[in-house]
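A.B. asks: Starting off with a structure, shown below.
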Amino acid sequence: MSPSGSETLPRFTVVGNPENRRVALFAEAVTAAGLPAPRVVPWTRVLRAGRTEFAPGEIVRIDSPGENADVDRLLRDVDDPTRVEGTARWYARFLAAVRGLRGGVRLDDPDDLAVLFDKRRCHAVLGAADVPVPFSPTSAAAGAAVDGWDDVRLLMREHRMPRLFVKLAHGSSASGVLAVEAAGRGRVRATTSVELAPDGRLFNSLRVRRYEREQDIAAIVDTLAPDGLHLERWLPKASQHGRVAD
């Protein structure tokens, strides 16, 4: 007997958060193309199992683990999804989970994901491919280590970077990003969405803040540094008729 039409059609599987809009939109696109609805494997199951098997013919798409408090807790061990800290733990656990997938035909390569989710490595790969990128003293494995605010200040002086961005190496959606500029006479200020709580914890906030006390900026950077930091020269944005574009 010849195989039925449904047996010859590609079968997609998505590793993602079932309630997420990206997963829903992908499922809609698959069915709109006349293909069977994709199987959804929740990130919570993958992270708790440590190893997940797929059938040889399954085409496996890895979707973002973001926007789910339970998944975020499993990846970062934080008590509040608005907390900034824990991105190094997120990176290590995410990659371990991806490398624990077995079988199927994967659309995402773990080694590529390791680069994409590390700004230092991604910066180096883009630069090596002649893609224009801002100067960074932390790019690639040979880049300078940043253990805290003192290192940032030193690199600002050594590389003549009075204006720079301090970014979490494994951050996303501008989480933990500080736009730092020397304000003259040794003063410094930082513009960021990070809220520094009285007890020293850091939270993402919708309100952009400006910190002008160096001890506050140092406290934020010193708290973020264990997760890994990436520095980039702050270049002026392109502008036209008085309006700027990112």
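We label chains A, B, ... in the order they appear in the structure tokens, count residues from 1 in each chain, and number ligands from 1 in the order shown.
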Using DSSP on the backbone coordinates, identify all residues within region 61-98 of chain A classified as alpha helix (DSSP H); present the result as a list in words.
C.D. replies: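 Assigned to alpha helix (DSSP H), within region 61-98 of chain A: Ala69, Asp70, Val71, Asp72, Arg73, Leu74, Leu75, Arg76, Thr87, Ala88, Arg89, Trp90, Tyr91, Ala92, Arg93, Phe94, Leu95, Ala96, Ala97 and Val98 of chain A.
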A.B. asks: Would you list the contacts of Asp246 (chain A) as a JSON list (two decimals) with C-alpha atoms, in the first residue's frame, taking every protein, DNA or RNA residue within 10 Å and counting only C-alpha atoms, but skipping same-chain residues closer than 4 positions in sequence?
C.D. replies:
```
[["chain", "number", "residue", "atom", "x", "y", "z"],
["A", 236, "PRO", "CA", 25.25, 58.97, 17.46],
["A", 237, "LYS", "CA", 22.01, 57.83, 15.84],
["A", 238, "ALA", "CA", 21.20, 58.74, 12.26],
["A", 239, "SER", "CA", 18.93, 61.76, 12.08]]
```
A.B. asks: Please identify every residue of region 144-246 of chain A that has at least one atom no farther than 10 Å from an atom of region 91-103 of chain A, counting only C-alpha atoms, and for each give the shortest atom pair and the distance in Å to one decimal, arranged by chain then increasing number, as a tab-separated table.
C.D. replies:
```
residue	atom	partner	partner_atom	distance
A:Ala169	CA	A:Tyr91	CA	9.5
A:His170	CA	A:Tyr91	CA	6.5
A:Gly171	CA	A:Tyr91	CA	9.1
A:Asp227	CA	A:Tyr91	CA	9.5
```
A.B. asks: For C-alpha atoms, I'd like the residues from the last selection saved as a PDB file, in the first residue's frame.
C.D. replies:
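Output contents, as saved in part20.pdb:
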```
ATOM      1  CA  ALA A 169      26.110  39.673  27.678  1.00  0.00           C
ATOM      2  CA  HIS A 170      23.025  37.443  27.693  1.00  0.00           C
ATOM      3  CA  GLY A 171      20.301  40.066  28.072  1.00  0.00           C
ATOM      4  CA  ASP A 227      26.268  37.658  34.775  1.00  0.00           C
TER       5      ASP A 227
END
```
A.B. asks: Neighbours of region 5-21 of chain A within 12 Å (only C-alpha atoms; same-chain residues fewer than 2 positions away dropped), as number ranges by chain?
C.D. replies: A: 2-3, 23-31, 33-47, 52-72, 94, 97-98, 101, 103-108
A.B. asks: Determine, counting only C-alpha atoms, which protein, DNA and RNA residues have an atom within 9 Å of an atom of region 82-89 of chain A; residues of the same chain fewer than 4 positions away are not included. Present the result as a PyMOL selection string.
C.D. replies: chain A and resi 75-78+93-94+168-171+175-176+194+201-205+223-224+226-228
A.B. asks: Within 6 Å of region 210-221 of chain A, counting only C-alpha atoms, which residues show up once you throw out same-chain ones fewer than 2 positions away? Write them as a PyMOL selection string, please.
C.D. replies: chain A and resi 148-149+189-191+223-225
A.B. asks: Keeping C-alpha atoms for every residue in the selection just given, could you write it to a file as a short mmCIF file (atom, residue, chain, number, x, y, z; two decimals), in the first residue's frame?
C.D. replies:
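Result written to part_4.cif:
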```
data_model
loop_
_atom_site.label_atom_id
_atom_site.label_comp_id
_atom_site.auth_asym_id
_atom_site.auth_seq_id
_atom_site.Cartn_x
_atom_site.Cartn_y
_atom_site.Cartn_z
CA GLY A 148 32.58 45.64 38.02
CA TRP A 149 32.33 49.40 37.69
CA ARG A 189 25.65 59.66 34.46
CA ALA A 190 23.69 56.67 33.20
CA THR A 191 20.33 56.41 31.46
CA THR A 223 25.44 43.68 40.64
CA LEU A 224 25.18 42.89 36.92
CA ALA A 225 28.86 42.03 36.38
#
```
A.B. asks: Of the residues A:Lys119, A:Pro81, A:Arg163, A:Ala128, which is the one nearest to Gly184 (chain A), using only C-alpha atoms?
C.D. replies: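 Looking only at the distances to Gly184 (chain A), the closest residue turns out to be A:Arg163.
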A.B. asks: Using only C-alpha atoms, which residue out of A:Leu113, A:Arg157, A:Asp222, A:Ser172 lies closest to Leu196 (chain A)?
C.D. replies: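 The answer is A:Asp222, which sits nearest to Leu196 (chain A).
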A.B. asks: Find the residue from A:Ala245, A:Leu229, A:Ala49, A:Ala179 that sits nearest to Arg120 (chain A); use only C-alpha atoms when measuring.
C.D. replies: A:Leu229
A.B. asks: Enter the distance from CA of Leu126 (chain A) to CA of Asp109 (chain A), in Å, rounded to one decimal.
C.D. replies: 17.5 Å
A.B. asks: Output as a PDB file with N, CA and C atoms, in the first residue's frame all residues of region 1-53 of chain A that backbone DSSP marks as strand (DSSP E or B).
C.D. replies:
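Dumped to part_7.pdb:
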```pdb
ATOM      1  N   ARG A  11       5.848  17.070   9.201  1.00  0.00           N
ATOM      2  CA  ARG A  11       5.253  17.216  10.520  1.00  0.00           C
ATOM      3  C   ARG A  11       6.146  18.122  11.357  1.00  0.00           C
ATOM      4  N   PHE A  12       5.594  19.255  11.784  1.00  0.00           N
ATOM      5  CA  PHE A  12       6.341  20.214  12.579  1.00  0.00           C
ATOM      6  C   PHE A  12       6.068  20.027  14.071  1.00  0.00           C
ATOM      7  N   THR A  13       7.094  20.281  14.854  1.00  0.00           N
ATOM      8  CA  THR A  13       6.977  20.322  16.306  1.00  0.00           C
ATOM      9  C   THR A  13       7.630  21.603  16.785  1.00  0.00           C
ATOM     10  N   VAL A  14       7.011  22.253  17.751  1.00  0.00           N
ATOM     11  CA  VAL A  14       7.543  23.493  18.305  1.00  0.00           C
ATOM     12  C   VAL A  14       7.863  23.290  19.784  1.00  0.00           C
ATOM     13  N   VAL A  15       9.094  23.600  20.173  1.00  0.00           N
ATOM     14  CA  VAL A  15       9.438  23.687  21.588  1.00  0.00           C
ATOM     15  C   VAL A  15       9.208  25.138  21.989  1.00  0.00           C
ATOM     16  N   GLY A  16       8.199  25.367  22.801  1.00  0.00           N
ATOM     17  CA  GLY A  16       7.842  26.747  23.144  1.00  0.00           C
ATOM     18  C   GLY A  16       6.858  26.783  24.290  1.00  0.00           C
ATOM     19  N   ARG A  39       2.862  19.887  16.641  1.00  0.00           N
ATOM     20  CA  ARG A  39       2.848  19.449  18.034  1.00  0.00           C
ATOM     21  C   ARG A  39       3.636  20.467  18.849  1.00  0.00           C
ATOM     22  N   VAL A  40       3.118  20.850  20.005  1.00  0.00           N
ATOM     23  CA  VAL A  40       3.796  21.830  20.856  1.00  0.00           C
ATOM     24  C   VAL A  40       4.323  21.115  22.091  1.00  0.00           C
ATOM     25  N   VAL A  41       5.628  21.212  22.296  1.00  0.00           N
ATOM     26  CA  VAL A  41       6.279  20.641  23.479  1.00  0.00           C
ATOM     27  C   VAL A  41       6.626  21.799  24.406  1.00  0.00           C
ATOM     28  N   PRO A  42       5.993  21.886  25.581  1.00  0.00           N
ATOM     29  CA  PRO A  42       6.212  23.046  26.463  1.00  0.00           C
ATOM     30  C   PRO A  42       7.647  23.107  27.002  1.00  0.00           C
ATOM     31  N   THR A  52      14.792  15.350  25.847  1.00  0.00           N
ATOM     32  CA  THR A  52      13.534  15.179  25.131  1.00  0.00           C
ATOM     33  C   THR A  52      13.808  14.513  23.791  1.00  0.00           C
ATOM     34  N   GLU A  53      13.020  13.483  23.470  1.00  0.00           N
ATOM     35  CA  GLU A  53      13.205  12.723  22.235  1.00  0.00           C
ATOM     36  C   GLU A  53      12.171  13.136  21.189  1.00  0.00           C
TER      37      GLU A  53
END
```
